[in-house]
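Data file: my_file27.txt. Format and content: compact mmCIF, N, CA and C atoms.
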```
# COMPACT_ATOMS: atom_id res chain seq x y z
N MET J 78 26.05 -17.99 -34.14
CA MET J 78 25.03 -17.99 -33.09
C MET J 78 25.55 -18.79 -31.91
N GLY J 79 25.46 -18.22 -30.72
CA GLY J 79 25.92 -18.89 -29.52
C GLY J 79 25.03 -20.07 -29.15
N LYS J 80 25.62 -21.00 -28.43
CA LYS J 80 24.89 -22.17 -27.99
C LYS J 80 24.66 -22.07 -26.48
N VAL J 81 23.39 -22.16 -26.07
CA VAL J 81 23.03 -22.12 -24.66
C VAL J 81 22.64 -23.53 -24.24
N THR J 82 23.36 -24.06 -23.26
CA THR J 82 23.08 -25.39 -22.72
C THR J 82 22.58 -25.23 -21.30
N VAL J 83 21.55 -25.97 -20.95
CA VAL J 83 20.95 -25.88 -19.63
C VAL J 83 21.24 -27.16 -18.85
N ASP J 84 21.77 -26.99 -17.64
CA ASP J 84 21.98 -28.12 -16.74
C ASP J 84 20.64 -28.85 -16.59
N PRO J 85 20.60 -30.15 -16.85
CA PRO J 85 19.32 -30.86 -16.75
C PRO J 85 18.74 -30.86 -15.33
N HIS J 86 19.51 -30.48 -14.34
CA HIS J 86 19.05 -30.46 -12.94
C HIS J 86 18.88 -29.04 -12.41
N ILE J 87 18.82 -28.05 -13.32
CA ILE J 87 18.77 -26.65 -12.88
C ILE J 87 17.54 -26.37 -12.02
N LEU J 88 16.42 -27.00 -12.30
CA LEU J 88 15.23 -26.78 -11.48
C LEU J 88 15.19 -27.74 -10.29
N ASP J 89 15.40 -29.04 -10.55
CA ASP J 89 15.29 -29.99 -9.44
C ASP J 89 16.50 -29.93 -8.51
N GLY J 90 17.53 -29.20 -8.89
CA GLY J 90 18.68 -29.02 -8.00
C GLY J 90 18.47 -27.89 -7.01
N GLN J 91 17.26 -27.37 -6.94
CA GLN J 91 16.99 -26.22 -6.08
C GLN J 91 15.86 -26.55 -5.10
N GLY J 92 16.20 -27.18 -4.02
CA GLY J 92 15.22 -27.48 -2.98
C GLY J 92 14.53 -28.82 -3.20
N GLU J 93 13.56 -29.08 -2.36
CA GLU J 93 12.82 -30.34 -2.39
C GLU J 93 11.51 -30.17 -3.15
N GLU J 94 11.13 -31.21 -3.89
CA GLU J 94 9.87 -31.16 -4.64
C GLU J 94 8.69 -31.19 -3.67
N TRP J 95 7.67 -30.40 -3.99
CA TRP J 95 6.45 -30.41 -3.19
C TRP J 95 5.82 -31.80 -3.24
N GLU J 96 5.20 -32.19 -2.17
CA GLU J 96 4.47 -33.45 -2.17
C GLU J 96 3.38 -33.34 -3.23
N GLY J 97 3.35 -34.27 -4.16
CA GLY J 97 2.40 -34.22 -5.26
C GLY J 97 2.89 -33.43 -6.45
N GLY J 98 4.09 -32.83 -6.36
CA GLY J 98 4.66 -32.07 -7.47
C GLY J 98 4.13 -30.65 -7.53
N GLY J 99 4.43 -29.95 -8.60
CA GLY J 99 3.91 -28.61 -8.81
C GLY J 99 4.80 -27.49 -8.31
N GLY J 100 5.93 -27.84 -7.72
CA GLY J 100 6.82 -26.80 -7.24
C GLY J 100 7.91 -27.34 -6.34
N ARG J 101 8.66 -26.41 -5.75
CA ARG J 101 9.78 -26.79 -4.89
C ARG J 101 9.75 -25.92 -3.65
N THR J 102 10.30 -26.45 -2.59
CA THR J 102 10.44 -25.70 -1.36
C THR J 102 11.90 -25.78 -0.93
N GLY J 103 12.38 -24.74 -0.33
CA GLY J 103 13.78 -24.73 0.09
C GLY J 103 14.39 -23.37 -0.10
N PRO J 104 15.67 -23.35 -0.44
CA PRO J 104 16.36 -22.06 -0.58
C PRO J 104 15.84 -21.28 -1.79
N SER J 105 16.21 -20.03 -1.84
CA SER J 105 15.86 -19.18 -2.98
C SER J 105 16.50 -19.73 -4.25
N PRO J 106 15.83 -19.56 -5.40
CA PRO J 106 16.42 -20.04 -6.65
C PRO J 106 17.63 -19.20 -7.07
N PHE J 107 18.71 -19.88 -7.38
CA PHE J 107 19.96 -19.28 -7.84
C PHE J 107 20.21 -19.69 -9.27
N PHE J 108 20.81 -18.79 -10.04
CA PHE J 108 21.20 -19.09 -11.41
C PHE J 108 22.65 -18.66 -11.63
N ILE J 109 23.41 -19.49 -12.33
CA ILE J 109 24.79 -19.20 -12.72
C ILE J 109 24.88 -19.33 -14.24
N VAL J 110 25.54 -18.37 -14.87
CA VAL J 110 25.78 -18.42 -16.31
C VAL J 110 27.29 -18.58 -16.51
N THR J 111 27.68 -19.77 -16.93
CA THR J 111 29.09 -20.05 -17.17
C THR J 111 29.40 -19.82 -18.65
N SER J 112 30.38 -18.95 -18.89
CA SER J 112 30.76 -18.61 -20.26
C SER J 112 32.16 -18.01 -20.23
N ASP J 113 32.88 -18.12 -21.35
CA ASP J 113 34.18 -17.46 -21.42
C ASP J 113 34.04 -15.97 -21.73
N GLN J 114 32.80 -15.52 -21.92
CA GLN J 114 32.51 -14.10 -22.15
C GLN J 114 31.74 -13.57 -20.93
N THR J 115 32.48 -13.38 -19.85
CA THR J 115 31.89 -13.06 -18.55
C THR J 115 31.03 -11.80 -18.57
N ASP J 116 31.51 -10.75 -19.23
CA ASP J 116 30.75 -9.51 -19.19
C ASP J 116 29.40 -9.65 -19.89
N LEU J 117 29.38 -10.32 -21.04
CA LEU J 117 28.11 -10.53 -21.74
C LEU J 117 27.21 -11.48 -20.95
N ALA J 118 27.79 -12.48 -20.31
CA ALA J 118 27.00 -13.39 -19.47
C ALA J 118 26.37 -12.64 -18.31
N ALA J 119 27.15 -11.75 -17.68
CA ALA J 119 26.64 -10.95 -16.57
C ALA J 119 25.54 -10.00 -17.03
N LYS J 120 25.73 -9.40 -18.20
CA LYS J 120 24.72 -8.49 -18.75
C LYS J 120 23.41 -9.23 -18.99
N ALA J 121 23.50 -10.42 -19.56
CA ALA J 121 22.30 -11.23 -19.82
C ALA J 121 21.62 -11.63 -18.52
N LEU J 122 22.40 -12.04 -17.54
CA LEU J 122 21.83 -12.45 -16.25
C LEU J 122 21.19 -11.27 -15.55
N TYR J 123 21.81 -10.11 -15.65
CA TYR J 123 21.27 -8.89 -15.05
C TYR J 123 19.87 -8.59 -15.61
N LYS J 124 19.74 -8.64 -16.93
CA LYS J 124 18.44 -8.39 -17.56
C LYS J 124 17.44 -9.48 -17.17
N ALA J 125 17.91 -10.73 -17.15
CA ALA J 125 17.01 -11.84 -16.82
C ALA J 125 16.51 -11.76 -15.39
N ILE J 126 17.37 -11.42 -14.45
CA ILE J 126 16.98 -11.42 -13.05
C ILE J 126 15.96 -10.31 -12.78
N ILE J 127 16.09 -9.19 -13.48
CA ILE J 127 15.10 -8.11 -13.34
C ILE J 127 13.75 -8.60 -13.86
N ARG J 128 13.75 -9.23 -15.03
CA ARG J 128 12.50 -9.76 -15.59
C ARG J 128 11.92 -10.84 -14.68
N CYS J 129 12.77 -11.70 -14.14
CA CYS J 129 12.30 -12.78 -13.27
C CYS J 129 11.62 -12.23 -12.01
N GLY J 130 12.04 -11.06 -11.58
CA GLY J 130 11.40 -10.43 -10.43
C GLY J 130 9.96 -10.02 -10.70
N HIS J 131 9.55 -10.05 -11.97
CA HIS J 131 8.18 -9.71 -12.37
C HIS J 131 7.33 -10.95 -12.63
N VAL J 132 7.86 -12.14 -12.34
CA VAL J 132 7.13 -13.37 -12.63
C VAL J 132 6.25 -13.75 -11.44
N SER J 133 4.98 -13.98 -11.73
CA SER J 133 4.03 -14.34 -10.68
C SER J 133 4.05 -15.84 -10.41
N GLU J 134 3.39 -16.21 -9.33
CA GLU J 134 3.31 -17.62 -8.95
C GLU J 134 2.64 -18.47 -10.03
N SER J 135 1.81 -17.85 -10.88
CA SER J 135 1.15 -18.59 -11.96
C SER J 135 2.02 -18.67 -13.21
N GLY J 136 3.20 -18.03 -13.17
CA GLY J 136 4.11 -18.07 -14.30
C GLY J 136 3.95 -16.95 -15.29
N ARG J 137 3.14 -15.96 -14.97
CA ARG J 137 2.96 -14.80 -15.86
C ARG J 137 4.06 -13.78 -15.60
N GLU J 138 4.60 -13.21 -16.68
CA GLU J 138 5.54 -12.10 -16.54
C GLU J 138 4.72 -10.82 -16.53
N LEU J 139 4.69 -10.16 -15.39
CA LEU J 139 3.83 -9.01 -15.18
C LEU J 139 4.48 -7.71 -15.65
N THR J 140 3.64 -6.76 -16.05
CA THR J 140 4.12 -5.42 -16.36
C THR J 140 4.45 -4.73 -15.04
N ASP J 141 5.12 -3.57 -15.11
CA ASP J 141 5.41 -2.81 -13.90
C ASP J 141 4.12 -2.47 -13.15
N GLU J 142 3.10 -2.05 -13.88
CA GLU J 142 1.83 -1.69 -13.25
C GLU J 142 1.20 -2.91 -12.57
N GLU J 143 1.16 -4.04 -13.28
CA GLU J 143 0.59 -5.26 -12.71
C GLU J 143 1.36 -5.71 -11.47
N LEU J 144 2.67 -5.53 -11.51
CA LEU J 144 3.51 -5.95 -10.39
C LEU J 144 3.08 -5.26 -9.09
N HIS J 145 2.66 -4.01 -9.21
CA HIS J 145 2.28 -3.24 -8.01
C HIS J 145 0.82 -3.37 -7.64
N THR J 146 0.03 -4.03 -8.48
CA THR J 146 -1.40 -4.13 -8.18
C THR J 146 -1.90 -5.57 -8.05
N THR J 147 -1.07 -6.54 -8.37
CA THR J 147 -1.52 -7.93 -8.37
C THR J 147 -1.62 -8.50 -6.95
N ALA J 148 -2.51 -9.44 -6.80
CA ALA J 148 -2.61 -10.19 -5.54
C ALA J 148 -1.75 -11.45 -5.62
N GLU J 149 -1.25 -11.77 -6.81
CA GLU J 149 -0.40 -12.95 -6.97
C GLU J 149 0.97 -12.71 -6.35
N TYR J 150 1.56 -13.78 -5.84
CA TYR J 150 2.89 -13.67 -5.25
C TYR J 150 3.94 -13.53 -6.34
N THR J 151 4.89 -12.64 -6.12
CA THR J 151 6.07 -12.48 -6.97
C THR J 151 7.27 -12.43 -6.04
N PRO J 152 8.47 -12.67 -6.55
CA PRO J 152 9.65 -12.57 -5.69
C PRO J 152 9.72 -11.19 -5.04
N ASN J 153 10.14 -11.17 -3.78
CA ASN J 153 10.20 -9.88 -3.10
C ASN J 153 11.61 -9.29 -3.09
N TYR J 154 12.56 -9.99 -3.74
CA TYR J 154 13.93 -9.47 -3.80
C TYR J 154 14.63 -10.11 -4.98
N THR J 155 15.39 -9.31 -5.72
CA THR J 155 16.29 -9.83 -6.75
C THR J 155 17.69 -9.36 -6.38
N SER J 156 18.60 -10.29 -6.33
CA SER J 156 19.96 -9.96 -5.92
C SER J 156 20.72 -9.25 -7.03
N PRO J 157 21.81 -8.59 -6.64
CA PRO J 157 22.71 -8.10 -7.70
C PRO J 157 23.41 -9.31 -8.34
N VAL J 158 23.98 -9.10 -9.50
CA VAL J 158 24.76 -10.14 -10.16
C VAL J 158 26.14 -10.14 -9.51
N ARG J 159 26.56 -11.30 -9.08
CA ARG J 159 27.89 -11.45 -8.45
C ARG J 159 28.77 -12.29 -9.36
N LEU J 160 30.04 -11.95 -9.40
CA LEU J 160 31.01 -12.63 -10.26
C LEU J 160 31.70 -13.73 -9.46
N THR J 161 31.25 -14.97 -9.65
CA THR J 161 31.82 -16.11 -8.93
C THR J 161 32.88 -16.77 -9.79
N ASP J 162 33.56 -17.74 -9.23
CA ASP J 162 34.58 -18.46 -10.01
C ASP J 162 33.95 -19.37 -11.07
N LYS J 163 32.64 -19.61 -11.00
CA LYS J 163 31.94 -20.43 -12.01
C LYS J 163 31.22 -19.57 -13.04
N GLY J 164 31.15 -18.26 -12.78
CA GLY J 164 30.47 -17.35 -13.69
C GLY J 164 29.53 -16.43 -12.93
N PRO J 165 28.91 -15.49 -13.62
CA PRO J 165 27.97 -14.59 -12.97
C PRO J 165 26.82 -15.38 -12.32
N MET J 166 26.43 -14.94 -11.12
CA MET J 166 25.39 -15.62 -10.35
C MET J 166 24.44 -14.58 -9.77
N ALA J 167 23.15 -14.92 -9.72
CA ALA J 167 22.14 -14.07 -9.08
C ALA J 167 21.04 -14.98 -8.54
N TYR J 168 20.26 -14.42 -7.62
CA TYR J 168 19.15 -15.19 -7.06
C TYR J 168 17.95 -14.30 -6.80
N LEU J 169 16.82 -14.97 -6.54
CA LEU J 169 15.56 -14.29 -6.22
C LEU J 169 15.06 -14.84 -4.89
N ASP J 170 14.46 -14.00 -4.08
CA ASP J 170 13.87 -14.46 -2.82
C ASP J 170 12.41 -14.80 -3.09
N THR J 171 12.10 -16.08 -3.00
CA THR J 171 10.73 -16.54 -3.20
C THR J 171 10.15 -17.09 -1.89
N LYS J 172 10.73 -16.70 -0.78
CA LYS J 172 10.26 -17.09 0.55
C LYS J 172 10.15 -18.60 0.71
N GLY J 173 11.07 -19.33 0.11
CA GLY J 173 11.13 -20.77 0.28
C GLY J 173 10.13 -21.57 -0.53
N GLU J 174 9.36 -20.90 -1.36
CA GLU J 174 8.38 -21.58 -2.21
C GLU J 174 8.64 -21.19 -3.66
N TRP J 175 8.64 -22.18 -4.55
CA TRP J 175 8.92 -21.91 -5.96
C TRP J 175 7.98 -22.73 -6.82
N PRO J 176 6.78 -22.19 -7.12
CA PRO J 176 5.84 -22.93 -7.96
C PRO J 176 6.45 -23.28 -9.32
N LEU J 177 6.10 -24.44 -9.83
CA LEU J 177 6.66 -24.91 -11.10
C LEU J 177 6.43 -23.92 -12.23
N GLU J 178 5.24 -23.32 -12.31
CA GLU J 178 4.96 -22.36 -13.38
C GLU J 178 5.91 -21.17 -13.31
N MET J 179 6.17 -20.69 -12.09
CA MET J 179 7.11 -19.58 -11.89
C MET J 179 8.51 -20.01 -12.32
N ALA J 180 8.93 -21.19 -11.89
CA ALA J 180 10.27 -21.69 -12.20
C ALA J 180 10.47 -21.84 -13.71
N GLU J 181 9.49 -22.42 -14.39
CA GLU J 181 9.62 -22.63 -15.83
C GLU J 181 9.69 -21.30 -16.59
N THR J 182 8.91 -20.31 -16.16
CA THR J 182 8.95 -19.00 -16.82
C THR J 182 10.30 -18.33 -16.58
N MET J 183 10.81 -18.41 -15.35
CA MET J 183 12.12 -17.82 -15.05
C MET J 183 13.21 -18.46 -15.89
N LEU J 184 13.17 -19.77 -16.04
CA LEU J 184 14.17 -20.45 -16.85
C LEU J 184 14.05 -20.02 -18.31
N ARG J 185 12.84 -19.89 -18.83
CA ARG J 185 12.64 -19.43 -20.21
C ARG J 185 13.23 -18.04 -20.41
N ILE J 186 13.00 -17.15 -19.44
CA ILE J 186 13.53 -15.78 -19.51
C ILE J 186 15.05 -15.81 -19.51
N LEU J 187 15.64 -16.62 -18.65
CA LEU J 187 17.10 -16.73 -18.60
C LEU J 187 17.66 -17.19 -19.94
N ILE J 188 17.04 -18.20 -20.52
CA ILE J 188 17.48 -18.70 -21.82
C ILE J 188 17.35 -17.60 -22.88
N GLU J 189 16.23 -16.88 -22.89
CA GLU J 189 16.01 -15.79 -23.86
C GLU J 189 17.10 -14.73 -23.75
N GLU J 190 17.38 -14.29 -22.54
CA GLU J 190 18.35 -13.19 -22.36
C GLU J 190 19.77 -13.63 -22.69
N VAL J 191 20.14 -14.86 -22.34
CA VAL J 191 21.48 -15.34 -22.68
C VAL J 191 21.59 -15.56 -24.19
N SER J 192 20.55 -16.08 -24.80
CA SER J 192 20.54 -16.26 -26.26
C SER J 192 20.66 -14.92 -26.97
N ALA J 193 20.06 -13.88 -26.41
CA ALA J 193 20.07 -12.56 -27.04
C ALA J 193 21.46 -11.94 -27.14
N VAL J 194 22.37 -12.32 -26.24
CA VAL J 194 23.73 -11.75 -26.31
C VAL J 194 24.66 -12.62 -27.15
N ASP J 195 24.12 -13.72 -27.69
CA ASP J 195 24.83 -14.54 -28.68
C ASP J 195 26.18 -15.06 -28.18
N ILE J 196 26.14 -15.76 -27.05
CA ILE J 196 27.36 -16.37 -26.50
C ILE J 196 27.13 -17.85 -26.26
N ASP J 197 28.21 -18.60 -26.18
CA ASP J 197 28.13 -19.98 -25.71
C ASP J 197 28.06 -19.91 -24.19
N ALA J 198 27.08 -20.58 -23.61
CA ALA J 198 26.92 -20.51 -22.16
C ALA J 198 26.30 -21.79 -21.62
N TYR J 199 26.60 -22.05 -20.37
CA TYR J 199 26.02 -23.17 -19.64
C TYR J 199 25.27 -22.59 -18.46
N LEU J 200 23.98 -22.89 -18.35
CA LEU J 200 23.14 -22.36 -17.29
C LEU J 200 22.99 -23.43 -16.21
N THR J 201 23.30 -23.05 -14.98
CA THR J 201 23.28 -24.01 -13.88
C THR J 201 22.91 -23.31 -12.59
N THR J 202 23.03 -24.03 -11.50
CA THR J 202 22.76 -23.52 -10.17
C THR J 202 23.82 -24.08 -9.23
N PRO J 203 24.12 -23.40 -8.12
CA PRO J 203 25.08 -23.97 -7.18
C PRO J 203 24.48 -25.19 -6.49
N PRO J 204 25.31 -26.03 -5.89
CA PRO J 204 24.79 -27.17 -5.14
C PRO J 204 23.88 -26.69 -4.00
N ILE J 205 22.90 -27.52 -3.63
CA ILE J 205 22.01 -27.18 -2.53
C ILE J 205 22.83 -27.00 -1.25
N GLY J 206 22.52 -25.97 -0.52
CA GLY J 206 23.23 -25.65 0.71
C GLY J 206 23.54 -24.17 0.75
N PRO J 207 24.20 -23.73 1.80
CA PRO J 207 24.51 -22.30 1.91
C PRO J 207 25.39 -21.84 0.74
N VAL J 208 25.04 -20.70 0.18
CA VAL J 208 25.81 -20.12 -0.92
C VAL J 208 26.41 -18.81 -0.41
N PRO J 209 27.73 -18.71 -0.41
CA PRO J 209 28.37 -17.49 0.12
C PRO J 209 28.28 -16.33 -0.86
N SER J 210 27.07 -15.92 -1.19
CA SER J 210 26.87 -14.94 -2.26
C SER J 210 27.52 -13.59 -1.97
N ARG J 211 27.64 -13.22 -0.73
CA ARG J 211 28.22 -11.91 -0.41
C ARG J 211 29.76 -11.92 -0.51
N ASP J 212 30.33 -13.09 -0.72
CA ASP J 212 31.79 -13.19 -0.82
C ASP J 212 32.31 -12.82 -2.21
N TRP J 213 31.43 -12.65 -3.18
CA TRP J 213 31.84 -12.40 -4.55
C TRP J 213 31.58 -10.95 -4.93
N PRO J 214 32.43 -10.37 -5.79
CA PRO J 214 32.21 -8.97 -6.19
C PRO J 214 30.93 -8.80 -7.02
N VAL J 215 30.32 -7.64 -6.87
CA VAL J 215 29.11 -7.32 -7.63
C VAL J 215 29.50 -6.81 -9.00
N TRP J 216 28.78 -7.30 -10.03
CA TRP J 216 28.97 -6.82 -11.40
C TRP J 216 28.07 -5.60 -11.56
N GLU J 217 28.62 -4.56 -12.13
CA GLU J 217 27.86 -3.32 -12.36
C GLU J 217 27.69 -3.11 -13.86
N PRO J 218 26.45 -2.88 -14.31
CA PRO J 218 26.26 -2.60 -15.74
C PRO J 218 26.88 -1.26 -16.11
N LEU J 219 27.42 -1.19 -17.31
CA LEU J 219 28.05 0.04 -17.79
C LEU J 219 27.04 0.98 -18.41
N GLU J 220 25.87 0.46 -18.76
CA GLU J 220 24.85 1.28 -19.45
C GLU J 220 24.07 2.10 -18.47
```
This entry written out as structure tokens:
Amino acid sequence: MGKVTVDPHILDGQGEEWEGGGGRTGPSPFFIVTSDQTDLAAKALYKAIIRCGHVSESGRELTDEELHTTAEYTPNYTSPVRLTDKGPMAYLDTKGEWPLEMAETMLRILIEEVSAVDIDAYLTTPPIGPVPSRDWPVWEPLE
């Protein structure tokens, strides 16, 4: 069974905490899966990022139907998976706001999907600041 380790700063390393807590403001949330099994890491991140695009501001993972009918905010963009020198990376556009419930659900989904491919992996985020995401090649699923 693979071991999934999460950077202890994966959430707080993404923007500034809201006054009073409850979320973060700043850049879009980015996730990197570092593993020596790049293709499986990319596959897991690909599945996770699609699921994360269905997560509402309250932290609920919505069905396709709910996604199109809800009044709750959900990410309006999910990036392709890019192959960086640290591992596969993807992000979601949350318009600079990332409620804690949404963040925690997204992290749970990421852990679930990486655990499902049974690899050793380290889940992290790039340092705060501009991320040259378009500079890296896009990973394409074979399925």
Proximity to Pro176 in chain J - best of J:Gly136, J:Lys120, J:Gly97, J:Gln114, all atoms listed in the file: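 Between J:Gly136, J:Lys120, J:Gly97, J:Gln114, the residue approaching Pro176 in chain J most closely is J:Gly136.
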Length of the CA of Lys163 in chain J to CA of Gly130 in chain J vector [Å]: 22.9 Å
Minimum-distance residue to Ser135 in chain J, chosen among J:Glu149, J:Asp89, J:Asp162, J:Asp84 (using only N, CA and C atoms):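 Checking each of J:Glu149, J:Asp89, J:Asp162, J:Asp84 against Ser135 in chain J, counting only N, CA and C atoms, the winner is J:Glu149.
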Close residues, Leu144 in chain J itself excluded, 8 Å, all atoms listed in the file, min 5 positions apart in chain, as a PyMOL selection string: chain J and resi 130-132+138-139+151
Members of range 87-191 of chain J assigned strand (DSSP E or B) by DSSP, as an NGL selection string: :J and (93-94 or 100-102 or 107-111 or 132 or 138 or 154-155 or 159-161 or 164-170 or 174-176)
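Taking only C-alpha atoms, the non-local environment of Thr161 in chain J within 9 Å (same-chain residues fewer than 4 positions away omitted) comprises Ile109, Pro165, Met166, Ser210, Asp212, Trp213 and Pro214 of chain J.
Between CA of Tyr154 in chain J and CA of Ala167 in chain J the separation is 10.8 Å.
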Nearest candidate to Ile196 in chain J (options J:Gly90, J:Ser112, J:Gly99, J:Pro152; using only N, CA and C atoms):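 Checking each of J:Gly90, J:Ser112, J:Gly99, J:Pro152 against Ile196 in chain J, counting only N, CA and C atoms, the winner is J:Ser112.
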Gap from CA of Ser156 in chain J to CA of Ile127 in chain J - Å, one decimal: 9.1 Å
Nearest to Met78 in chain J, chosen from J:Gly92, J:Ser192, J:Tyr199, J:Glu178, with only N, CA and C atoms counted in the distances: J:Ser192
Among the residues J:Arg101, J:Lys124, J:Arg159, J:His86, the one that comes closest to Leu187 in chain J [using all atoms listed in the file]: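 Using all atoms listed in the file, Leu187 in chain J sits closest to J:Lys124.
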Nearest-residue call for Glu134 in chain J, choices J:Trp175, J:Tyr150, J:Phe107, J:Trp95, using only N, CA and C atoms: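 Among J:Trp175, J:Tyr150, J:Phe107, J:Trp95, it is J:Tyr150 that comes nearest to Glu134 in chain J.
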Test item, alpha helix (DSSP H) assignment across range 108-174 of chain J, answer as a ChimeraX atom specification: /J:115-129,141-146
Write the residues of the preceding selection, restricted to N, CA and C atoms, as a compact mmCIF listing (two decimals), in the coordinates of the input.
```txt
# COMPACT_ATOMS: atom_id res chain seq x y z
N THR J 115 32.48 -13.38 -19.85
CA THR J 115 31.89 -13.06 -18.55
C THR J 115 31.03 -11.80 -18.57
N ASP J 116 31.51 -10.75 -19.23
CA ASP J 116 30.75 -9.51 -19.19
C ASP J 116 29.40 -9.65 -19.89
N LEU J 117 29.38 -10.32 -21.04
CA LEU J 117 28.11 -10.53 -21.74
C LEU J 117 27.21 -11.48 -20.95
N ALA J 118 27.79 -12.48 -20.31
CA ALA J 118 27.00 -13.39 -19.47
C ALA J 118 26.37 -12.64 -18.31
N ALA J 119 27.15 -11.75 -17.68
CA ALA J 119 26.64 -10.95 -16.57
C ALA J 119 25.54 -10.00 -17.03
N LYS J 120 25.73 -9.40 -18.20
CA LYS J 120 24.72 -8.49 -18.75
C LYS J 120 23.41 -9.23 -18.99
N ALA J 121 23.50 -10.42 -19.56
CA ALA J 121 22.30 -11.23 -19.82
C ALA J 121 21.62 -11.63 -18.52
N LEU J 122 22.40 -12.04 -17.54
CA LEU J 122 21.83 -12.45 -16.25
C LEU J 122 21.19 -11.27 -15.55
N TYR J 123 21.81 -10.11 -15.65
CA TYR J 123 21.27 -8.89 -15.05
C TYR J 123 19.87 -8.59 -15.61
N LYS J 124 19.74 -8.64 -16.93
CA LYS J 124 18.44 -8.39 -17.56
C LYS J 124 17.44 -9.48 -17.17
N ALA J 125 17.91 -10.73 -17.15
CA ALA J 125 17.01 -11.84 -16.82
C ALA J 125 16.51 -11.76 -15.39
N ILE J 126 17.37 -11.42 -14.45
CA ILE J 126 16.98 -11.42 -13.05
C ILE J 126 15.96 -10.31 -12.78
N ILE J 127 16.09 -9.19 -13.48
CA ILE J 127 15.10 -8.11 -13.34
C ILE J 127 13.75 -8.60 -13.86
N ARG J 128 13.75 -9.23 -15.03
CA ARG J 128 12.50 -9.76 -15.59
C ARG J 128 11.92 -10.84 -14.68
N CYS J 129 12.77 -11.70 -14.14
CA CYS J 129 12.30 -12.78 -13.27
C CYS J 129 11.62 -12.23 -12.01
N ASP J 141 5.12 -3.57 -15.11
CA ASP J 141 5.41 -2.81 -13.90
C ASP J 141 4.12 -2.47 -13.15
N GLU J 142 3.10 -2.05 -13.88
CA GLU J 142 1.83 -1.69 -13.25
C GLU J 142 1.20 -2.91 -12.57
N GLU J 143 1.16 -4.04 -13.28
CA GLU J 143 0.59 -5.26 -12.71
C GLU J 143 1.36 -5.71 -11.47
N LEU J 144 2.67 -5.53 -11.51
CA LEU J 144 3.51 -5.95 -10.39
C LEU J 144 3.08 -5.26 -9.09
N HIS J 145 2.66 -4.01 -9.21
CA HIS J 145 2.28 -3.24 -8.01
C HIS J 145 0.82 -3.37 -7.64
N THR J 146 0.03 -4.03 -8.48
CA THR J 146 -1.40 -4.13 -8.18
C THR J 146 -1.90 -5.57 -8.05
```
Nearby residues (only N, CA and C atoms) at most 8 Å from Thr201 in chain J, same-chain spacing under 3 positions excluded, as number ranges by chain: J: 82-88, 107-111, 198, 204
